[in-house]
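Asks: Sharing a structure here in structure tokens format.
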Amino acid sequence: MGNFVNLTSADGFSAPAWVAVPDGPVRGAIVVLQEIFGVNAHIQAVTDRFAARGYAAVAPSMFARVQPDVDLGYQPADMERGMALKAATEALPAPGAMAEVQAAIAHAAAISGGKVGIVGFCWGGLVTWRAACTLPGLAAAVSYYGGGMTTPAEVARAPQVPVLAHFARQDHWISVESVQAFGRAHPEVEVHLYDADHGFNCDQRGAYDESSALLARDRTLAFFDKHLA
């Protein structure tokens with residue numbers, strides 16, 4: 001359904017994004033933020049599924065400034081490479097990859113003519129939280145197991161739009177205790193914990209948990225239907 005297009009950020013940098021547009025009426029738009037594995041087949045499929053639900057969807061390449069065309073799998077070597085790319089991207093001078101996120105928000109608004117939401121997974125979940133707290137042009141945000149999102153520096157941020165956050169009880173990267181502390185610090189955020197592991201939404205990973213993924217999907221769609229209407 002989708003295809004790659006080049007988006008230009010405010011500083012003139014051009015980066016690809018996977019863009020999927022509904023065949024019928026458009027009800028709004030959603031920016032989809034990648035895991036550390038790039039805009040791979042899974043992220044493309046997630047973006048396409050949002051388009052099938054009536055949302056114009058845009059998944060920007062957040063690694064483009066450090067390496068173009070990243071498309072990794074989920075083996076240990078892919079994990080190692082993805083972590084290195086994430087570290088290099090996080091080390092960029094501000095705004096770094098947030099410029100690509102802002103460009104994606106602007107493009108999503110332009111092609112939909114409606115409100116824009118944002119959803120991200122793993123590292124993308126963390127960037128989604130940051131976007132909800134700092135970037136203009138958003139109406140709602142959904143984070144899936146955002147790595148680092150429950151650290152003190154991130155908890156100190158204040159969201160400017162409604163936020164839904166999905167976490168996993170068996171996640172060895174994000175403790176249940178830190179999720180609970182995040183929830184206490186941000187009662188305005190809708191927080192859910194699932195009996196699953198990190199990455200439970202990705203059907204290409206061993207951690208995939210169908211029941212948790214479907215429940216989180218339904219909650220996510222209801223949240224966007226409410227706030228992007």
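Scheme for the structure tokens: letters A, B, ... for chains in order shown; per-chain residue numbers from 1; ligand numbers from 1 in order shown.
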Give me every helix (DSSP H, G or I) residue in stretch 121-152 of chain A, going by DSSP on the backbone, as a PyMOL selection string.
Replies: chain A and resi 123-134+152
Asks: When you look at A:Ala131 with a cut-off of 8 Å (counting only C-alpha atoms), what residues show up, excluding the ones that are within fewer than 3 positions of it in the same chain? I need them as a list of chain:residue names.
Replies: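 Within the cut-off, the hits are A:Met98, A:Val101, A:Val127, A:Thr128, A:Thr134, A:Leu135.
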Asks: Could you write those residues out with C-alpha atoms, as a JSON list (two decimals), in the first residue's frame?
Replies:
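Result file part_0.json:
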[["chain", "number", "residue", "atom", "x", "y", "z"],
["A", 98, "MET", "CA", 13.57, 15.13, 15.89],
["A", 101, "VAL", "CA", 9.87, 13.61, 13.08],
["A", 127, "VAL", "CA", 10.93, 9.57, 20.80],
["A", 128, "THR", "CA", 7.13, 9.59, 20.69],
["A", 134, "THR", "CA", 8.08, 19.21, 22.69],
["A", 135, "LEU", "CA", 6.87, 19.21, 19.07]]
Asks: Would you list the contacts of stretch 10-17 of chain A as an NGL selection string, taking every protein, DNA or RNA residue within 6 Å and counting only C-alpha atoms, but skipping same-chain residues closer than 4 positions in sequence?
Replies: :A and (4-6 or 59-61 or 64)
Asks: Now that the selection is made, can you save its residues with C-alpha atoms as a PDB file, in the first residue's frame?
Replies:
ATOM      1  CA  PHE A   4       9.054   5.642   0.115  1.00  0.00           C
ATOM      2  CA  VAL A   5       9.076   9.399  -0.485  1.00  0.00           C
ATOM      3  CA  ASN A   6      11.719  11.946   0.451  1.00  0.00           C
ATOM      4  CA  ALA A  59       7.110   6.499   8.983  1.00  0.00           C
ATOM      5  CA  PRO A  60      10.250   8.683   8.768  1.00  0.00           C
ATOM      6  CA  SER A  61      13.726   7.205   8.600  1.00  0.00           C
ATOM      7  CA  ALA A  64      19.101   8.771   7.855  1.00  0.00           C
TER       8      ALA A  64
END
Asks: So which residues touch stretch 184-190 of chain A within 6 Å, counting only C-alpha atoms, skipping near sequence neighbours fewer than 3 positions away, as a list of chain:residue names?
Replies: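 After dropping sequence-adjacent residues, the list is A:Val163, A:Leu164, A:Ala181.
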Asks: Hey, can you spit out that residue selection with C-alpha atoms as a PDB file, in the first residue's frame?
Replies:
ATOM      1  CA  VAL A 163      -0.741  10.195  25.761  1.00  0.00           C
ATOM      2  CA  LEU A 164      -1.366   6.440  25.889  1.00  0.00           C
ATOM      3  CA  ALA A 181       6.483   5.436  39.218  1.00  0.00           C
TER       4      ALA A 181
END
Asks: For A:Glu80, which residue among A:Glu210, A:Ala20, A:Ser143, A:Ile36 is the nearest when counting only C-alpha atoms?
Replies: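 Among the listed residues, A:Ile36 lies closest to A:Glu80.
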Asks: Just asking: which residues within stretch 11-226 of chain A are strand (DSSP E or B) according to DSSP, as JSON, numbers by chain?
Replies: {"A": [14, 15, 16, 17, 18, 19, 20, 29, 30, 31, 32, 33, 38, 56, 57, 58, 59, 60, 71, 116, 117, 118, 119, 120, 121, 140, 141, 142, 143, 144, 163, 164, 165, 166, 167, 168, 190, 191, 192, 193, 194]}
Asks: Can you write just those residues out, C-alpha atoms, as a PDB file, in the first residue's frame?
Replies:
ATOM      1  CA  SER A  14      16.314  15.128   2.923  1.00  0.00           C
ATOM      2  CA  ALA A  15      15.371  11.733   4.361  1.00  0.00           C
ATOM      3  CA  PRO A  16      13.078   8.945   3.154  1.00  0.00           C
ATOM      4  CA  ALA A  17       9.789   8.083   4.816  1.00  0.00           C
ATOM      5  CA  TRP A  18       7.384   5.238   4.178  1.00  0.00           C
ATOM      6  CA  VAL A  19       4.023   6.825   3.363  1.00  0.00           C
ATOM      7  CA  ALA A  20       0.702   5.015   3.092  1.00  0.00           C
ATOM      8  CA  ALA A  29      -2.976  11.094  10.093  1.00  0.00           C
ATOM      9  CA  ILE A  30      -0.511   9.100  12.166  1.00  0.00           C
ATOM     10  CA  VAL A  31       3.279   9.344  12.270  1.00  0.00           C
ATOM     11  CA  VAL A  32       4.863   5.939  12.956  1.00  0.00           C
ATOM     12  CA  LEU A  33       8.276   5.872  14.658  1.00  0.00           C
ATOM     13  CA  GLY A  38      14.983   0.995  10.822  1.00  0.00           C
ATOM     14  CA  ALA A  56      -2.713   8.732   6.258  1.00  0.00           C
ATOM     15  CA  ALA A  57       0.443   7.278   7.822  1.00  0.00           C
ATOM     16  CA  VAL A  58       4.072   8.393   7.632  1.00  0.00           C
ATOM     17  CA  ALA A  59       7.110   6.499   8.983  1.00  0.00           C
ATOM     18  CA  PRO A  60      10.250   8.683   8.768  1.00  0.00           C
ATOM     19  CA  ASP A  71      16.533  -2.208   7.177  1.00  0.00           C
ATOM     20  CA  VAL A 116      -2.041  14.206  13.460  1.00  0.00           C
ATOM     21  CA  GLY A 117      -1.228  11.534  16.015  1.00  0.00           C
ATOM     22  CA  ILE A 118       2.072   9.779  16.630  1.00  0.00           C
ATOM     23  CA  VAL A 119       2.931   6.217  17.646  1.00  0.00           C
ATOM     24  CA  GLY A 120       6.324   4.654  18.293  1.00  0.00           C
ATOM     25  CA  PHE A 121       7.868   1.376  19.343  1.00  0.00           C
ATOM     26  CA  ALA A 140      -2.336  12.576  20.469  1.00  0.00           C
ATOM     27  CA  ALA A 141       0.545  10.174  21.128  1.00  0.00           C
ATOM     28  CA  VAL A 142       0.865   6.433  21.767  1.00  0.00           C
ATOM     29  CA  SER A 143       4.085   4.865  23.046  1.00  0.00           C
ATOM     30  CA  TYR A 144       4.853   1.148  22.990  1.00  0.00           C
ATOM     31  CA  VAL A 163      -0.741  10.195  25.761  1.00  0.00           C
ATOM     32  CA  LEU A 164      -1.366   6.440  25.889  1.00  0.00           C
ATOM     33  CA  ALA A 165       1.547   4.233  26.987  1.00  0.00           C
ATOM     34  CA  HIS A 166       1.856   0.447  26.653  1.00  0.00           C
ATOM     35  CA  PHE A 167       4.423  -1.432  28.755  1.00  0.00           C
ATOM     36  CA  ALA A 168       5.219  -5.110  29.421  1.00  0.00           C
ATOM     37  CA  GLU A 190      -3.194   6.397  30.229  1.00  0.00           C
ATOM     38  CA  VAL A 191      -0.751   3.606  31.183  1.00  0.00           C
ATOM     39  CA  HIS A 192      -1.299  -0.110  30.554  1.00  0.00           C
ATOM     40  CA  LEU A 193       0.849  -3.091  31.551  1.00  0.00           C
ATOM     41  CA  TYR A 194       0.642  -6.380  29.645  1.00  0.00           C
TER      42      TYR A 194
END
Asks: Find the distance between atom CA of A:Gln34 and atom CA of A:Gly125 and write it in Å to one decimal.
Replies: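 Taking atom CA of A:Gln34 as the start and atom CA of A:Gly125 as the end point, the length is 8.2 Å.
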